[in-house]
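Data file: entry.cif. Format and content: mmCIF, C-alpha atoms and all ligand atoms.
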data_protein
loop_
_atom_site.group_PDB
_atom_site.id
_atom_site.type_symbol
_atom_site.label_atom_id
_atom_site.label_comp_id
_atom_site.auth_asym_id
_atom_site.auth_seq_id
_atom_site.Cartn_x
_atom_site.Cartn_y
_atom_site.Cartn_z
ATOM 1 C CA MET A 58 -10.591 18.899 18.866
ATOM 2 C CA GLY A 59 -13.779 20.516 17.557
ATOM 3 C CA ASN A 60 -17.129 19.938 19.247
ATOM 4 C CA LYS A 61 -19.116 19.015 16.127
ATOM 5 C CA SER A 62 -19.488 15.278 15.731
ATOM 6 C CA LEU A 63 -18.232 13.440 12.648
ATOM 7 C CA HIS A 64 -18.592 9.748 11.830
ATOM 8 C CA ILE A 65 -16.106 8.261 9.379
ATOM 9 C CA ILE A 66 -17.288 4.848 8.269
ATOM 10 C CA LYS A 67 -15.342 2.381 6.184
ATOM 11 C CA ILE A 68 -16.861 -0.571 4.338
ATOM 12 C CA GLY A 69 -14.871 -3.407 2.838
ATOM 13 C CA GLY A 70 -15.103 -5.643 -0.189
ATOM 14 C CA ASN A 71 -17.391 -8.255 1.338
ATOM 15 C CA VAL A 72 -20.110 -5.676 2.082
ATOM 16 C CA ILE A 73 -19.838 -4.057 -1.342
ATOM 17 C CA ASP A 74 -20.025 -7.440 -3.045
ATOM 18 C CA ASN A 75 -23.436 -8.235 -1.566
ATOM 19 C CA SER A 76 -26.097 -5.887 -3.000
ATOM 20 C CA GLU A 77 -28.612 -6.628 -0.210
ATOM 21 C CA ASN A 78 -26.065 -5.899 2.557
ATOM 22 C CA LEU A 79 -24.951 -2.764 0.758
ATOM 23 C CA TYR A 80 -28.545 -1.535 0.392
ATOM 24 C CA HIS A 81 -29.262 -1.941 4.122
ATOM 25 C CA PHE A 82 -25.954 -0.443 5.120
ATOM 26 C CA LEU A 83 -26.462 2.677 2.970
ATOM 27 C CA LYS A 84 -29.972 3.112 4.370
ATOM 28 C CA ASP A 85 -28.641 2.952 7.955
ATOM 29 C CA PHE A 86 -25.735 5.222 7.025
ATOM 30 C CA THR A 87 -28.242 7.810 5.770
ATOM 31 C CA ALA A 88 -30.162 7.596 9.072
ATOM 32 C CA LEU A 89 -27.078 8.486 11.174
ATOM 33 C CA ASP A 90 -27.169 12.059 12.481
ATOM 34 C CA GLY A 91 -24.407 14.633 12.097
ATOM 35 C CA PHE A 92 -21.528 14.976 9.678
ATOM 36 C CA LYS A 93 -20.495 11.792 7.884
ATOM 37 C CA ILE A 94 -17.834 10.511 5.518
ATOM 38 C CA LEU A 95 -17.914 7.111 3.826
ATOM 39 C CA VAL A 96 -14.733 5.325 2.739
ATOM 40 C CA HIS A 97 -15.013 2.186 0.657
ATOM 41 C CA GLY A 98 -12.630 -0.537 -0.391
ATOM 42 C CA GLY A 99 -13.448 -3.090 -3.033
ATOM 43 C CA GLY A 100 -10.393 -5.316 -3.083
ATOM 44 C CA LYS A 101 -12.518 -8.401 -3.680
ATOM 45 C CA VAL A 102 -14.172 -6.946 -6.803
ATOM 46 C CA ALA A 103 -10.781 -5.736 -8.128
ATOM 47 C CA THR A 104 -9.339 -9.240 -7.699
ATOM 48 C CA GLN A 105 -12.319 -10.764 -9.542
ATOM 49 C CA LEU A 106 -12.032 -8.318 -12.473
ATOM 50 C CA SER A 107 -8.238 -8.741 -12.665
ATOM 51 C CA GLU A 108 -8.673 -12.477 -12.952
ATOM 52 C CA THR A 109 -11.391 -12.127 -15.618
ATOM 53 C CA LEU A 110 -8.981 -9.931 -17.602
ATOM 54 C CA GLY A 111 -6.145 -12.447 -17.180
ATOM 55 C CA ILE A 112 -4.129 -10.177 -14.859
ATOM 56 C CA GLU A 113 -2.847 -12.092 -11.843
ATOM 57 C CA ALA A 114 -3.802 -10.403 -8.525
ATOM 58 C CA LYS A 115 -0.830 -10.305 -6.133
ATOM 59 C CA LEU A 116 -1.231 -9.273 -2.500
ATOM 60 C CA VAL A 117 1.483 -9.184 0.187
ATOM 61 C CA ASP A 118 0.273 -8.783 3.812
ATOM 62 C CA GLY A 119 -3.100 -7.604 2.513
ATOM 63 C CA ARG A 120 -1.514 -4.923 0.270
ATOM 64 C CA ARG A 121 -1.982 -5.185 -3.495
ATOM 65 C CA ILE A 122 1.062 -5.102 -5.759
ATOM 66 C CA THR A 123 -0.153 -2.510 -8.225
ATOM 67 C CA ASP A 124 1.590 -2.616 -11.597
ATOM 68 C CA ILE A 125 0.368 -0.343 -14.403
ATOM 69 C CA GLU A 126 -2.276 -2.814 -15.614
ATOM 70 C CA THR A 127 -3.549 -3.392 -12.078
ATOM 71 C CA LEU A 128 -3.685 0.376 -11.534
ATOM 72 C CA ARG A 129 -5.997 0.622 -14.561
ATOM 73 C CA VAL A 130 -8.215 -2.102 -13.086
ATOM 74 C CA VAL A 131 -8.430 -0.518 -9.619
ATOM 75 C CA THR A 132 -9.074 2.928 -11.110
ATOM 76 C CA MET A 133 -12.039 1.503 -13.030
ATOM 77 C CA VAL A 134 -13.314 -0.574 -10.130
ATOM 78 C CA TYR A 135 -12.781 1.751 -7.132
ATOM 79 C CA GLY A 136 -13.090 5.182 -8.772
ATOM 80 C CA GLY A 137 -15.784 4.183 -11.266
ATOM 81 C CA LEU A 138 -17.957 1.131 -10.742
ATOM 82 C CA ILE A 139 -18.103 0.990 -6.944
ATOM 83 C CA ASN A 140 -17.825 4.684 -6.091
ATOM 84 C CA LYS A 141 -20.481 5.847 -8.550
ATOM 85 C CA ASN A 142 -22.906 3.059 -7.622
ATOM 86 C CA ILE A 143 -22.622 3.942 -3.939
ATOM 87 C CA VAL A 144 -23.100 7.652 -4.671
ATOM 88 C CA ALA A 145 -26.205 6.972 -6.793
ATOM 89 C CA GLN A 146 -27.703 4.742 -4.082
ATOM 90 C CA LEU A 147 -27.024 7.319 -1.373
ATOM 91 C CA GLN A 148 -28.717 9.976 -3.497
ATOM 92 C CA ARG A 149 -31.794 7.736 -3.670
ATOM 93 C CA PHE A 150 -31.902 7.686 0.142
ATOM 94 C CA GLY A 151 -31.553 11.487 0.300
ATOM 95 C CA THR A 152 -27.871 11.741 1.235
ATOM 96 C CA ASN A 153 -26.180 14.355 -0.934
ATOM 97 C CA ALA A 154 -23.112 12.198 -1.597
ATOM 98 C CA ILE A 155 -20.134 13.338 -3.631
ATOM 99 C CA GLY A 156 -17.784 10.604 -4.888
ATOM 100 C CA LEU A 157 -14.084 11.359 -4.602
ATOM 101 C CA THR A 158 -10.603 10.026 -5.129
ATOM 102 C CA GLY A 159 -7.804 11.750 -3.229
ATOM 103 C CA ALA A 160 -6.949 13.597 -6.468
ATOM 104 C CA ASP A 161 -10.330 15.374 -6.512
ATOM 105 C CA GLY A 162 -9.886 18.755 -4.867
ATOM 106 C CA ASN A 163 -6.334 17.615 -3.980
ATOM 107 C CA LEU A 164 -7.873 16.196 -0.809
ATOM 108 C CA ILE A 165 -5.475 13.270 -0.233
ATOM 109 C CA ARG A 166 -1.964 13.486 -1.616
ATOM 110 C CA THR A 167 0.396 10.560 -0.979
ATOM 111 C CA LYS A 168 3.905 9.409 -1.808
ATOM 112 C CA LYS A 169 4.636 6.363 -3.956
ATOM 113 C CA ARG A 170 5.881 3.624 -1.658
ATOM 114 C CA PRO A 171 9.690 3.356 -1.951
ATOM 115 C CA VAL A 172 10.981 0.005 -3.207
ATOM 116 C CA LYS A 173 12.573 -1.942 -0.356
ATOM 117 C CA ILE A 174 12.435 -5.738 -0.489
ATOM 118 C CA ILE A 175 9.144 -5.652 -2.383
ATOM 119 C CA ASP A 176 8.159 -3.305 -5.205
ATOM 120 C CA TYR A 177 4.489 -2.539 -4.550
ATOM 121 C CA GLY A 178 4.272 -0.472 -7.744
ATOM 122 C CA PHE A 179 1.697 2.311 -7.814
ATOM 123 C CA VAL A 180 0.825 2.249 -4.115
ATOM 124 C CA GLY A 181 0.596 5.522 -2.192
ATOM 125 C CA ASP A 182 1.668 5.941 1.438
ATOM 126 C CA ILE A 183 -0.097 8.532 3.545
ATOM 127 C CA ASP A 184 1.897 10.877 5.790
ATOM 128 C CA GLU A 185 0.857 13.556 8.288
ATOM 129 C CA ASP A 186 0.487 16.219 5.556
ATOM 130 C CA SER A 187 -1.536 14.063 3.145
ATOM 131 C CA VAL A 188 -5.088 15.039 4.079
ATOM 132 C CA ASP A 189 -6.596 18.486 3.438
ATOM 133 C CA ALA A 190 -8.860 18.607 6.496
ATOM 134 C CA GLU A 191 -9.969 22.195 5.787
ATOM 135 C CA GLY A 192 -11.028 21.302 2.228
ATOM 136 C CA ILE A 193 -13.017 18.277 3.432
ATOM 137 C CA SER A 194 -14.566 20.352 6.213
ATOM 138 C CA ARG A 195 -15.747 22.914 3.636
ATOM 139 C CA LEU A 196 -17.474 20.129 1.682
ATOM 140 C CA LEU A 197 -19.177 18.896 4.862
ATOM 141 C CA GLU A 198 -20.292 22.394 5.871
ATOM 142 C CA THR A 199 -21.729 22.935 2.363
ATOM 143 C CA GLY A 200 -23.967 19.909 2.885
ATOM 144 C CA PHE A 201 -22.083 17.240 0.929
ATOM 145 C CA THR A 202 -21.317 13.756 2.244
ATOM 146 C CA PRO A 203 -17.914 12.762 0.820
ATOM 147 C CA VAL A 204 -17.548 9.171 -0.405
ATOM 148 C CA PHE A 205 -13.845 8.335 -0.768
ATOM 149 C CA CYS A 206 -12.535 5.377 -2.734
ATOM 150 C CA ALA A 207 -9.120 3.760 -2.276
ATOM 151 C CA LEU A 208 -7.301 6.001 -4.783
ATOM 152 C CA THR A 209 -4.993 8.922 -4.005
ATOM 153 C CA HIS A 210 -2.508 10.941 -6.098
ATOM 154 C CA ASP A 211 1.066 12.186 -5.850
ATOM 155 C CA GLY A 212 0.440 15.755 -7.076
ATOM 156 C CA ASP A 213 2.532 15.003 -10.150
ATOM 157 C CA GLY A 214 -0.191 13.474 -12.273
ATOM 158 C CA GLN A 215 0.020 9.957 -10.906
ATOM 159 C CA LEU A 216 -2.916 8.133 -9.343
ATOM 160 C CA LEU A 217 -1.909 5.711 -6.572
ATOM 161 C CA ASN A 218 -3.676 2.802 -4.901
ATOM 162 C CA THR A 219 -4.007 3.255 -1.118
ATOM 163 C CA ASN A 220 -5.552 0.802 1.319
ATOM 164 C CA ALA A 221 -9.053 1.946 2.294
ATOM 165 C CA ASP A 222 -8.611 1.133 6.024
ATOM 166 C CA THR A 223 -5.538 3.386 6.055
ATOM 167 C CA ILE A 224 -7.409 6.196 4.271
ATOM 168 C CA ALA A 225 -10.216 5.990 6.843
ATOM 169 C CA SER A 226 -7.741 6.096 9.732
ATOM 170 C CA ALA A 227 -5.780 9.039 8.237
ATOM 171 C CA LEU A 228 -8.985 10.997 7.547
ATOM 172 C CA SER A 229 -10.161 10.459 11.107
ATOM 173 C CA VAL A 230 -6.836 11.594 12.608
ATOM 174 C CA SER A 231 -6.652 14.678 10.412
ATOM 175 C CA LEU A 232 -10.294 15.695 10.900
ATOM 176 C CA SER A 233 -10.022 15.259 14.676
ATOM 177 C CA SER A 234 -8.527 18.757 14.777
ATOM 178 C CA LEU A 235 -11.880 20.132 13.562
ATOM 179 C CA PHE A 236 -14.496 17.596 14.689
ATOM 180 C CA GLU A 237 -15.150 15.127 17.482
ATOM 181 C CA THR A 238 -14.462 12.126 15.291
ATOM 182 C CA THR A 239 -15.590 8.505 15.563
ATOM 183 C CA LEU A 240 -14.075 5.952 13.191
ATOM 184 C CA ILE A 241 -16.154 2.877 12.392
ATOM 185 C CA TYR A 242 -14.886 -0.099 10.430
ATOM 186 C CA CYS A 243 -17.842 -2.077 9.070
ATOM 187 C CA PHE A 244 -17.340 -5.547 7.662
ATOM 188 C CA GLU A 245 -19.251 -8.835 7.428
ATOM 189 C CA LYS A 246 -18.690 -10.086 10.989
ATOM 190 C CA LYS A 247 -20.225 -8.842 14.240
ATOM 191 C CA GLY A 248 -16.908 -7.442 15.483
ATOM 192 C CA VAL A 249 -13.541 -8.801 16.521
ATOM 193 C CA LEU A 250 -14.360 -12.385 17.470
ATOM 194 C CA MET A 251 -12.773 -14.885 19.889
ATOM 195 C CA ASP A 252 -13.682 -17.542 17.325
ATOM 196 C CA VAL A 253 -13.717 -16.191 13.781
ATOM 197 C CA ASN A 254 -16.493 -18.672 12.871
ATOM 198 C CA ASP A 255 -18.770 -17.795 15.786
ATOM 199 C CA ASP A 256 -20.578 -14.448 15.503
ATOM 200 C CA ASP A 257 -21.691 -14.794 19.135
ATOM 201 C CA SER A 258 -18.096 -14.533 20.370
ATOM 202 C CA VAL A 259 -17.684 -10.754 19.979
ATOM 203 C CA ILE A 260 -14.949 -9.210 22.140
ATOM 204 C CA ARG A 261 -16.600 -5.962 23.300
ATOM 205 C CA ASP A 262 -13.444 -4.023 24.268
ATOM 206 C CA ILE A 263 -9.810 -4.286 23.242
ATOM 207 C CA ASP A 264 -6.915 -2.193 24.551
ATOM 208 C CA PRO A 265 -3.295 -2.398 23.304
ATOM 209 C CA VAL A 266 -2.307 -4.976 25.958
ATOM 210 C CA ARG A 267 -5.204 -7.299 25.109
ATOM 211 C CA TYR A 268 -4.458 -6.780 21.413
ATOM 212 C CA GLU A 269 -0.909 -8.116 21.882
ATOM 213 C CA GLU A 270 -2.283 -11.183 23.735
ATOM 214 C CA LEU A 271 -4.861 -11.870 21.018
ATOM 215 C CA LYS A 272 -2.185 -11.568 18.326
ATOM 216 C CA ILE A 273 0.161 -14.002 20.097
ATOM 217 C CA LYS A 274 -2.693 -16.523 20.488
ATOM 218 C CA GLN A 275 -3.497 -16.010 16.760
ATOM 219 C CA ILE A 276 -7.100 -15.165 17.623
ATOM 220 C CA ILE A 277 -6.565 -12.076 15.474
ATOM 221 C CA HIS A 278 -4.939 -12.722 12.100
ATOM 222 C CA SER A 279 -4.965 -11.862 8.370
ATOM 223 C CA GLY A 280 -6.949 -8.741 7.364
ATOM 224 C CA MET A 281 -7.863 -7.963 10.988
ATOM 225 C CA LEU A 282 -4.195 -7.250 11.857
ATOM 226 C CA PRO A 283 -3.680 -4.155 9.620
ATOM 227 C CA LYS A 284 -7.239 -3.028 10.467
ATOM 228 C CA LEU A 285 -6.457 -2.986 14.188
ATOM 229 C CA GLU A 286 -3.027 -1.383 13.615
ATOM 230 C CA ASN A 287 -4.811 1.447 11.758
ATOM 231 C CA ALA A 288 -7.464 1.645 14.472
ATOM 232 C CA PHE A 289 -5.001 1.910 17.373
ATOM 233 C CA ALA A 290 -2.956 4.474 15.417
ATOM 234 C CA ALA A 291 -6.144 6.566 15.121
ATOM 235 C CA ILE A 292 -7.033 6.571 18.828
ATOM 236 C CA ALA A 293 -3.419 7.286 19.771
ATOM 237 C CA CYS A 294 -3.710 10.447 17.619
ATOM 238 C CA GLY A 295 -6.845 12.014 19.089
ATOM 239 C CA VAL A 296 -9.727 10.178 17.410
ATOM 240 C CA LYS A 297 -12.507 9.999 20.011
ATOM 241 C CA ALA A 298 -13.575 6.394 19.435
ATOM 242 C CA VAL A 299 -12.906 3.500 17.088
ATOM 243 C CA VAL A 300 -15.467 0.737 16.648
ATOM 244 C CA ILE A 301 -15.368 -2.394 14.492
ATOM 245 C CA GLY A 302 -18.653 -4.104 13.680
ATOM 246 C CA ARG A 303 -21.011 -5.668 11.162
ATOM 247 C CA SER A 304 -22.377 -3.423 8.434
ATOM 248 C CA ASP A 305 -25.898 -4.848 8.997
ATOM 249 C CA ASP A 306 -25.805 -3.707 12.627
ATOM 250 C CA LEU A 307 -24.995 -0.026 12.031
ATOM 251 C CA GLY A 308 -28.609 0.810 12.967
ATOM 252 C CA GLU A 309 -27.867 -0.440 16.517
ATOM 253 C CA LEU A 310 -25.490 2.469 16.961
ATOM 254 C CA LYS A 311 -28.269 4.987 16.328
ATOM 255 C CA GLN A 312 -30.489 3.116 18.798
ATOM 256 C CA GLY A 313 -27.691 3.281 21.406
ATOM 257 C CA ARG A 314 -27.461 -0.521 21.581
ATOM 258 C CA PRO A 315 -24.157 -2.496 21.769
ATOM 259 C CA PHE A 316 -22.391 -2.514 18.429
ATOM 260 C CA GLY A 317 -19.265 -4.515 17.636
ATOM 261 C CA THR A 318 -15.882 -4.109 19.296
ATOM 262 C CA ARG A 319 -14.742 -0.834 20.831
ATOM 263 C CA LEU A 320 -11.051 -0.054 21.021
ATOM 264 C CA SER A 321 -9.599 1.828 23.942
ATOM 265 C CA LYS A 322 -6.237 3.434 24.682
ATOM 266 C CA THR A 323 -5.754 1.796 28.074
ATOM 267 C CA SER A 324 -7.635 -0.757 30.184
HETATM 268 N N1 LIG B 401 -10.585 -12.390 15.523
HETATM 269 C C1 LIG B 401 -11.138 -12.040 14.358
HETATM 270 N N2 LIG B 401 -12.396 -11.592 14.322
HETATM 271 C C2 LIG B 401 -13.000 -11.241 13.169
HETATM 272 N N3 LIG B 401 -12.392 -11.336 11.952
HETATM 273 C C3 LIG B 401 -11.111 -11.777 11.925
HETATM 274 C C4 LIG B 401 -10.431 -12.135 13.125
HETATM 275 N N4 LIG B 401 -9.185 -12.523 12.787
HETATM 276 C C5 LIG B 401 -9.099 -12.433 11.460
HETATM 277 N N5 LIG B 401 -10.239 -11.981 10.909
HETATM 278 C C6 LIG B 401 -10.439 -11.810 9.468
HETATM 279 O O1 LIG B 401 -10.339 -10.440 9.151
HETATM 280 C C7 LIG B 401 -11.190 -10.206 8.028
HETATM 281 C C8 LIG B 401 -11.484 -8.723 7.921
HETATM 282 O O2 LIG B 401 -10.406 -8.072 7.340
HETATM 283 P P1 LIG B 401 -10.477 -7.609 5.816
HETATM 284 O O3 LIG B 401 -10.735 -8.781 4.940
HETATM 285 O O4 LIG B 401 -9.253 -6.808 5.549
HETATM 286 O O5 LIG B 401 -11.752 -6.676 5.910
HETATM 287 P P2 LIG B 401 -12.481 -5.744 4.870
HETATM 288 O O6 LIG B 401 -13.689 -6.468 4.436
HETATM 289 O O7 LIG B 401 -12.805 -4.544 5.664
HETATM 290 O O8 LIG B 401 -11.496 -5.460 3.762
HETATM 291 C C9 LIG B 401 -12.411 -11.053 8.309
HETATM 292 O O9 LIG B 401 -13.104 -11.381 7.134
HETATM 293 C C10 LIG B 401 -11.809 -12.284 8.997
HETATM 294 O O10 LIG B 401 -11.612 -13.310 8.076
HETATM 295 C C1 LIG B 402 -2.671 -0.855 -1.644
HETATM 296 C C2 LIG B 402 -3.896 -1.711 -1.449
HETATM 297 O O1 LIG B 402 -3.794 -2.852 -1.035
HETATM 298 N N1 LIG B 402 -5.078 -1.179 -1.746
HETATM 299 C C3 LIG B 402 -6.312 -1.880 -1.628
HETATM 300 C C4 LIG B 402 -7.439 -0.891 -1.801
HETATM 301 C C5 LIG B 402 -8.820 -1.492 -1.705
HETATM 302 C C6 LIG B 402 -9.168 -1.923 -0.303
HETATM 303 O O2 LIG B 402 -8.576 -1.509 0.681
HETATM 304 O O3 LIG B 402 -10.250 -2.764 -0.288
HETATM 305 P P1 LIG B 402 -10.851 -3.594 0.952
HETATM 306 O O4 LIG B 402 -11.080 -2.650 2.063
HETATM 307 O O5 LIG B 402 -12.091 -4.147 0.382
HETATM 308 O O6 LIG B 402 -9.833 -4.649 1.303
HETATM 309 C C7 LIG B 402 -6.423 -3.003 -2.691
HETATM 310 O O7 LIG B 402 -6.211 -2.717 -3.855
HETATM 311 O O8 LIG B 402 -6.836 -4.116 -2.319
#

Here is a file; write its structure as structure tokens.
Amino acid sequence: MGNKSLHIIKIGGNVIDNSENLYHFLKDFTALDGFKILVHGGGKVATQLSETLGIEAKLVDGRRITDIETLRVVTMVYGGLINKNIVAQLQRFGTNAIGLTGADGNLIRTKKRPVKIIDYGFVGDIDEDSVDAEGISRLLETGFTPVFCALTHDGDGQLLNTNADTIASALSVSLSSLFETTLIYCFEKKGVLMDVNDDDSVIRDIDPVRYEELKIKQIIHSGMLPKLENAFAAIACGVKAVVIGRSDDLGELKQGRPFGTRLSKTS
């Protein structure tokens, strides 16, 4: 593990969809010290545009079935609309952002998900060789702040749709060999909650044993399940810390105040 600190921060569709939240988040992101990478989703916006275009959005366990028409939509939405807007806003705040898919610079190469029971279409699965940590490190050292969207490629000319939480986790694992890496998942709630409707019920620490209990009691469900699977996979593979919290509260981190839910390897 390197001794330079790196924050990898992922924002989801609900943050991107709200221009005020996005503005505040990007301002706080700019204020964070050290090396930084931003990863964004945008599933909500892609679903909205698909429906406007008369293309039915199909998701199984939070993963989008990406046929050729849907791939065109997500390429426009993730790689174009959302990515370029975020980059332009970060430039306004003085962050020298560079917007990337995994195809750019061959930085994230994936394999099309094999068809088992479900055919996910043009969805890319990340493996241990997918991320070019050295290439990303060179960008960071040159002064750029990479902004990755949820698109990767197979090296054979095909763009693939890859879940943004998984990209953030894979980047953090791979870059842990070069940096002391913290992975932060930002979304619209204050953290992992005991009651999903009560923002004052943040669970401050979760280890794998507690996670299993919370799953059985169905306190954690839907989109939070793959997020936590990705998060635990990251800390098991050398990522220094994983935190899940509200995008609006990112400033608390800089102030050293409690922020969201922290995941730990053991209790
Ligand atoms: N215990 C929990 N605490 C907080 N959120 C939860 C919990 N269980 C399920 N969720 C759901 O998980 C969602 C976050 O996952 P997801 O929609 O995939 O996030 P993102 O916005 O990053 O894409 C929340 O909007 C919430 O509805
Ligand atoms: C394969 C797959 O499911 N890809 C995701 C990528 C976007 C994403 O992850 O967006 P959020 O973080 O906003 O959910 C999708 O198309 O929904």

Box for ligand LIG 402 (chain B): with edges along x, y and z, all listed atoms inside and 4 Å added on each side, what are the centre and edge lengths in Å to one decimal, as lines of an AutoDock Vina configuration file?
center_x = -7.4
center_y = -2.8
center_z = -0.9
size_x = 17.4
size_y = 11.8
size_z = 13.9

Quiz prompt | For atom CA of Leu250 of chain A and atom CA of Asn78 of chain A, the interatomic separation in Å (one decimal) | solution = 20.0 Å

Quiz prompt | 9 Å shell around ligand LIG 402 (chain B) using all atoms listed in the file, listed as a PyMOL selection string | solution = chain A and resi 67-73+96-104+116-123+127-128+131+135+177+179-182+206-208+217-224+244+280

Exercise. Identify, on the basis of all atoms listed in the file, every residue whose closest approach to Ile276 of chain A does not exceed 10 Å; exclude the query and any residue fewer than 3 positions from it along the same chain; express the result as a PyMOL selection string.
Key: chain A and resi 249-253+268+270-273+281

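Here atom CA of Val230 of chain A and atom CA of His278 of chain A stand 24.4 Å from one another.
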
For segment 184-195 of chain A, supply N, CA and C atoms and report the output as a tab-separated table (two decimals), in the frame of the given file.
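The resulting file, result-v6.tsv, is reproduced below:
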chain	number	residue	atom	x	y	z
A	184	ASP	N	1.14	10.34	4.65
A	184	ASP	CA	1.90	10.88	5.79
A	184	ASP	C	1.06	11.96	6.48
A	185	GLU	N	1.67	12.63	7.46
A	185	GLU	CA	0.86	13.56	8.29
A	185	GLU	C	0.34	14.77	7.51
A	186	ASP	N	0.96	15.06	6.34
A	186	ASP	CA	0.49	16.22	5.56
A	186	ASP	C	-0.46	15.82	4.42
A	187	SER	N	-0.81	14.55	4.33
A	187	SER	CA	-1.54	14.06	3.14
A	187	SER	C	-2.96	14.59	3.01
A	188	VAL	N	-3.65	14.76	4.14
A	188	VAL	CA	-5.09	15.04	4.08
A	188	VAL	C	-5.36	16.54	4.22
A	189	ASP	N	-6.19	17.08	3.33
A	189	ASP	CA	-6.60	18.49	3.44
A	189	ASP	C	-7.89	18.55	4.27
A	190	ALA	N	-7.70	18.63	5.59
A	190	ALA	CA	-8.86	18.61	6.50
A	190	ALA	C	-9.77	19.81	6.26
A	191	GLU	N	-9.16	20.98	5.99
A	191	GLU	CA	-9.97	22.20	5.79
A	191	GLU	C	-10.85	22.03	4.55
A	192	GLY	N	-10.27	21.50	3.48
A	192	GLY	CA	-11.03	21.30	2.23
A	192	GLY	C	-12.19	20.35	2.44
A	193	ILE	N	-11.95	19.26	3.17
A	193	ILE	CA	-13.02	18.28	3.43
A	193	ILE	C	-14.08	18.90	4.33
A	194	SER	N	-13.63	19.69	5.31
A	194	SER	CA	-14.57	20.35	6.21
A	194	SER	C	-15.49	21.30	5.43
A	195	ARG	N	-14.91	22.00	4.45
A	195	ARG	CA	-15.75	22.91	3.64
A	195	ARG	C	-16.84	22.13	2.90
